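Participant: Structure file final30.cif, mmCIF, C-alpha atoms, is pasted below:
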data_my_file
#
loop_
_atom_site.label_atom_id
_atom_site.label_comp_id
_atom_site.auth_asym_id
_atom_site.auth_seq_id
_atom_site.Cartn_x
_atom_site.Cartn_y
_atom_site.Cartn_z
CA ALA A 1 138.24 73.27 47.93
CA ASP A 2 140.23 70.17 48.77
CA LEU A 3 139.50 67.24 46.50
CA LEU A 4 139.05 63.69 47.72
CA PRO A 5 140.85 60.98 45.73
CA ALA A 6 138.63 58.52 43.89
CA CYS A 7 139.68 55.76 46.25
CA THR A 8 138.16 57.69 49.20
CA PRO A 9 134.94 55.86 50.08
CA LEU A 10 131.71 57.64 50.99
CA TRP A 11 130.02 56.28 54.09
CA ALA A 12 126.47 56.64 55.39
CA THR A 13 124.60 55.78 58.56
CA GLY A 14 121.19 56.51 60.05
CA LEU A 15 117.61 56.40 58.88
CA GLY A 16 117.22 55.88 55.15
CA TRP A 17 113.43 55.85 54.95
CA ASP A 18 113.47 57.97 51.76
CA GLY A 19 116.72 56.56 50.36
CA GLN A 20 119.00 59.11 52.05
CA LEU A 21 121.69 56.49 52.66
CA GLY A 22 122.18 55.84 48.96
CA ILE A 23 122.59 52.11 49.51
CA GLY A 24 119.72 50.93 47.29
CA GLN A 25 117.13 50.57 50.05
CA ALA A 26 114.25 52.77 51.16
CA GLY A 27 111.34 52.34 53.51
CA GLN A 28 111.12 49.99 56.45
CA GLY A 29 114.43 48.25 57.07
CA ALA A 30 116.57 51.02 55.54
CA PHE A 31 118.05 51.93 58.92
CA VAL A 32 121.64 51.23 59.84
CA THR A 33 123.49 51.99 63.04
CA SER A 34 126.97 51.38 61.68
CA LEU A 35 128.77 53.02 58.78
CA VAL A 36 128.05 51.46 55.39
CA PRO A 37 129.73 52.31 52.07
CA VAL A 38 127.79 54.24 49.43
CA ARG A 39 128.48 52.74 46.01
CA LEU A 40 128.60 55.42 43.34
CA PRO A 41 127.90 54.06 39.84
CA LEU A 42 130.88 55.90 38.39
CA LEU A 43 133.36 54.87 35.78
CA TRP A 44 136.43 56.00 37.70
CA LYS A 45 139.26 57.44 35.74
CA PRO A 46 142.66 57.08 37.43
CA GLN A 47 142.87 60.73 38.48
CA GLN A 48 139.16 61.31 39.14
CA THR A 49 138.35 62.96 42.45
CA LEU A 50 135.26 63.93 44.40
CA ARG A 51 134.94 67.71 44.20
CA CYS A 52 131.94 68.39 46.44
CA VAL A 53 129.57 66.46 48.69
CA ALA A 54 126.36 68.17 49.85
CA ALA A 55 123.69 66.69 52.09
CA ARG A 56 120.37 67.70 53.59
CA ASP A 57 117.41 65.32 53.32
CA GLY A 58 119.14 63.98 50.22
CA ALA A 59 122.71 64.00 48.95
CA VAL A 60 124.64 65.27 45.92
CA VAL A 61 128.19 64.36 44.89
CA LEU A 62 130.16 66.25 42.23
CA THR A 63 133.33 64.95 40.62
CA ASP A 64 136.05 66.78 38.75
CA PHE A 65 135.06 65.00 35.52
CA ARG A 66 131.79 66.91 35.24
CA SER A 67 129.57 64.24 36.67
CA ALA A 68 126.96 64.72 39.38
CA TRP A 69 125.07 62.10 41.37
CA ALA A 70 122.13 62.49 43.76
CA TRP A 71 119.92 60.31 45.97
CA GLY A 72 117.44 60.52 48.85
CA ASN A 73 115.07 63.47 48.73
CA ALA A 74 116.76 65.24 45.84
CA ARG A 75 113.66 66.64 44.14
CA SER A 76 115.39 69.94 43.33
CA VAL A 77 117.91 68.28 40.97
CA LEU A 78 116.24 64.95 40.08
CA GLY A 79 112.59 66.02 39.93
CA ARG A 80 111.55 63.37 42.46
CA ASP A 81 112.16 62.20 46.00
CA CYS A 82 112.76 58.81 47.63
CA VAL A 83 115.66 57.84 45.34
CA ALA A 84 117.32 54.85 47.05
CA ALA A 85 120.55 54.68 45.02
CA PRO A 86 122.73 57.32 43.32
CA MET A 87 121.31 58.65 40.01
CA GLN A 88 122.94 61.01 37.57
CA ALA A 89 121.92 64.61 38.37
CA THR A 90 122.03 66.09 34.88
CA PRO A 91 121.34 69.74 35.88
CA LEU A 92 124.54 69.78 37.92
CA MET A 93 126.87 68.10 35.42
CA ASP A 94 128.98 71.24 35.03
CA ALA A 95 128.68 72.47 38.63
CA ARG A 96 131.81 73.26 40.65
CA GLU A 97 130.04 73.69 44.00
CA VAL A 98 126.57 72.84 45.30
CA ALA A 99 124.60 73.24 48.53
CA LEU A 100 121.20 71.77 49.42
CA GLY A 101 118.57 73.57 51.47
CA GLY A 102 114.90 73.82 52.29
CA SER A 103 112.53 72.39 54.84
CA THR A 104 112.58 68.69 55.71
CA CYS A 105 108.86 68.82 56.53
CA CYS A 106 107.86 70.52 53.25
CA PRO A 107 109.60 68.73 50.36
CA GLU A 108 108.24 71.19 47.81
CA GLU A 109 110.46 73.86 49.42
CA ALA A 110 113.68 71.92 48.72
CA PHE A 111 116.29 73.68 46.63
CA ALA A 112 119.89 73.43 45.50
CA VAL A 113 122.24 76.36 44.90
CA ALA A 114 125.00 75.67 42.39
CA VAL A 115 128.01 77.52 41.03
CA HIS A 116 128.57 76.26 37.51
CA SER A 117 131.87 76.01 35.64
CA ASP A 118 131.09 79.17 33.62
CA ASP A 119 130.72 81.11 36.93
CA ARG A 120 126.95 81.46 36.68
CA CYS A 121 124.99 80.73 39.84
CA ALA A 122 121.58 79.11 39.86
CA VAL A 123 118.93 78.07 42.35
CA TRP A 124 117.43 74.72 41.34
CA ARG A 125 113.88 73.72 42.37
CA SER A 126 111.48 71.11 41.13
CA LYS A 127 108.67 72.40 38.90
CA ASP A 128 106.15 69.92 37.51
CA SER A 129 108.49 67.08 38.56
CA LYS A 130 111.40 68.51 36.55
CA PRO A 131 114.40 70.47 37.79
CA ALA A 132 114.10 74.19 36.94
CA ALA A 133 116.81 76.81 37.38
CA THR A 134 116.60 80.46 38.31
CA GLN A 135 119.80 82.34 37.52
CA ILE A 136 121.04 84.57 40.31
CA ALA A 137 123.52 87.43 40.21
CA VAL A 138 126.72 87.24 42.20
CA PHE A 139 128.13 90.49 43.54
#
Starting from the file, lay out its structure as C-alpha cells.

Facilitator:
Amino acid sequence: ADLLPACTPLWATGLGWDGQLGIGQAGQGAFVTSLVPVRLPLLWKPQQTLRCVAARDGAVVLTDFRSAWAWGNARSVLGRDCVAAPMQATPLMDAREVALGGSTCCPEEAFAVAVHSDDRCAVWRSKDSKPAATQIAVF
C-alpha cells in the first residue's frame, strides 16, 4: 500500500450528525458543504506516514508508528458511537490494514476487519460496549 506523508492533510465534508467528520462537532450544525481539515491528535515524527484510512459510518486512520485513531460511529473499535473527534483506537494499534463494514441502519452490526502486524486477522465488534475480537483464519 502507498503511504501518505505526515504532511498530507485529511479532509472531510458532508453530514456529521454522529461525528463522522472528525472535526469535534456532532448533532445539529455538524454539516459542512466544503472540505474541512480533520485534525488528528498525533505527535508527528518526521518520517511518520498514514498507512491506511478506512471509512463507513465512522472512520479509522492507521499510521506506520503503530497508532490508530477512530471517530464517528466506530463502535466496533471504540466501544461507542457518536465520537466527534479522533480518539485512540487501542485494539488496532498494531494493525497494518483495516476495513469497516456493517449496516448504517443497525449500529450493532458494525464491524472492523484488521490484519495485524503479526499476520493474524481479526473481526472486531462491540460487545457490552467494549471492542471484542474474533480471530479468523487466512487461507

Participant: Apply the PyMOL selection byres ((chain A and resi 122-128) around 12) to the displayed file and report the matching residues as a ChimeraX atom specification.

Facilitator: /A:73-81,89-92,94-102,107-121,129-138

Participant: Could you check which of A:Met87, A:Thr13, A:Ser103, A:Asp57 is closest to Ser34 (chain A), using all atoms listed in the file?

Facilitator: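 Among the listed residues, A:Thr13 lies closest to Ser34 (chain A).
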
Participant: Evaluated on this file, the PyMOL selection byres ((chain A and resi 18-32) around 6) picks out some residues - which ones are they, written as a tab-separated table (two decimals) with C-alpha atoms, in the coordinates of the input?

Facilitator:
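out_13.tsv, written as the output of this step:
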chain	number	residue	atom	x	y	z
A	12	ALA	CA	126.47	56.64	55.39
A	13	THR	CA	124.60	55.78	58.56
A	14	GLY	CA	121.19	56.51	60.05
A	15	LEU	CA	117.61	56.40	58.88
A	16	GLY	CA	117.22	55.88	55.15
A	17	TRP	CA	113.43	55.85	54.95
A	33	THR	CA	123.49	51.99	63.04
A	34	SER	CA	126.97	51.38	61.68
A	38	VAL	CA	127.79	54.24	49.43
A	58	GLY	CA	119.14	63.98	50.22
A	71	TRP	CA	119.92	60.31	45.97
A	72	GLY	CA	117.44	60.52	48.85
A	82	CYS	CA	112.76	58.81	47.63
A	83	VAL	CA	115.66	57.84	45.34
A	84	ALA	CA	117.32	54.85	47.05
A	85	ALA	CA	120.55	54.68	45.02
A	86	PRO	CA	122.73	57.32	43.32

Participant: What separation in Å, quoted to one decimal, exists between CA of Arg66 (chain A) and CA of Trp11 (chain A)?

Facilitator: 21.7 Å

Participant: Which value, in Å to one decimal, gives the distance between CA of Ala68 (chain A) and CA of Val36 (chain A)?

Facilitator: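 According to the coordinates, CA of Ala68 (chain A) and CA of Val36 (chain A) are separated by 20.8 Å.
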
Participant: To one decimal place in Å, what is the distance between CA of Thr49 (chain A) and CA of Leu62 (chain A)?

Facilitator: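 Interatomic distance, CA of Thr49 (chain A) to CA of Leu62 (chain A): 8.8 Å.
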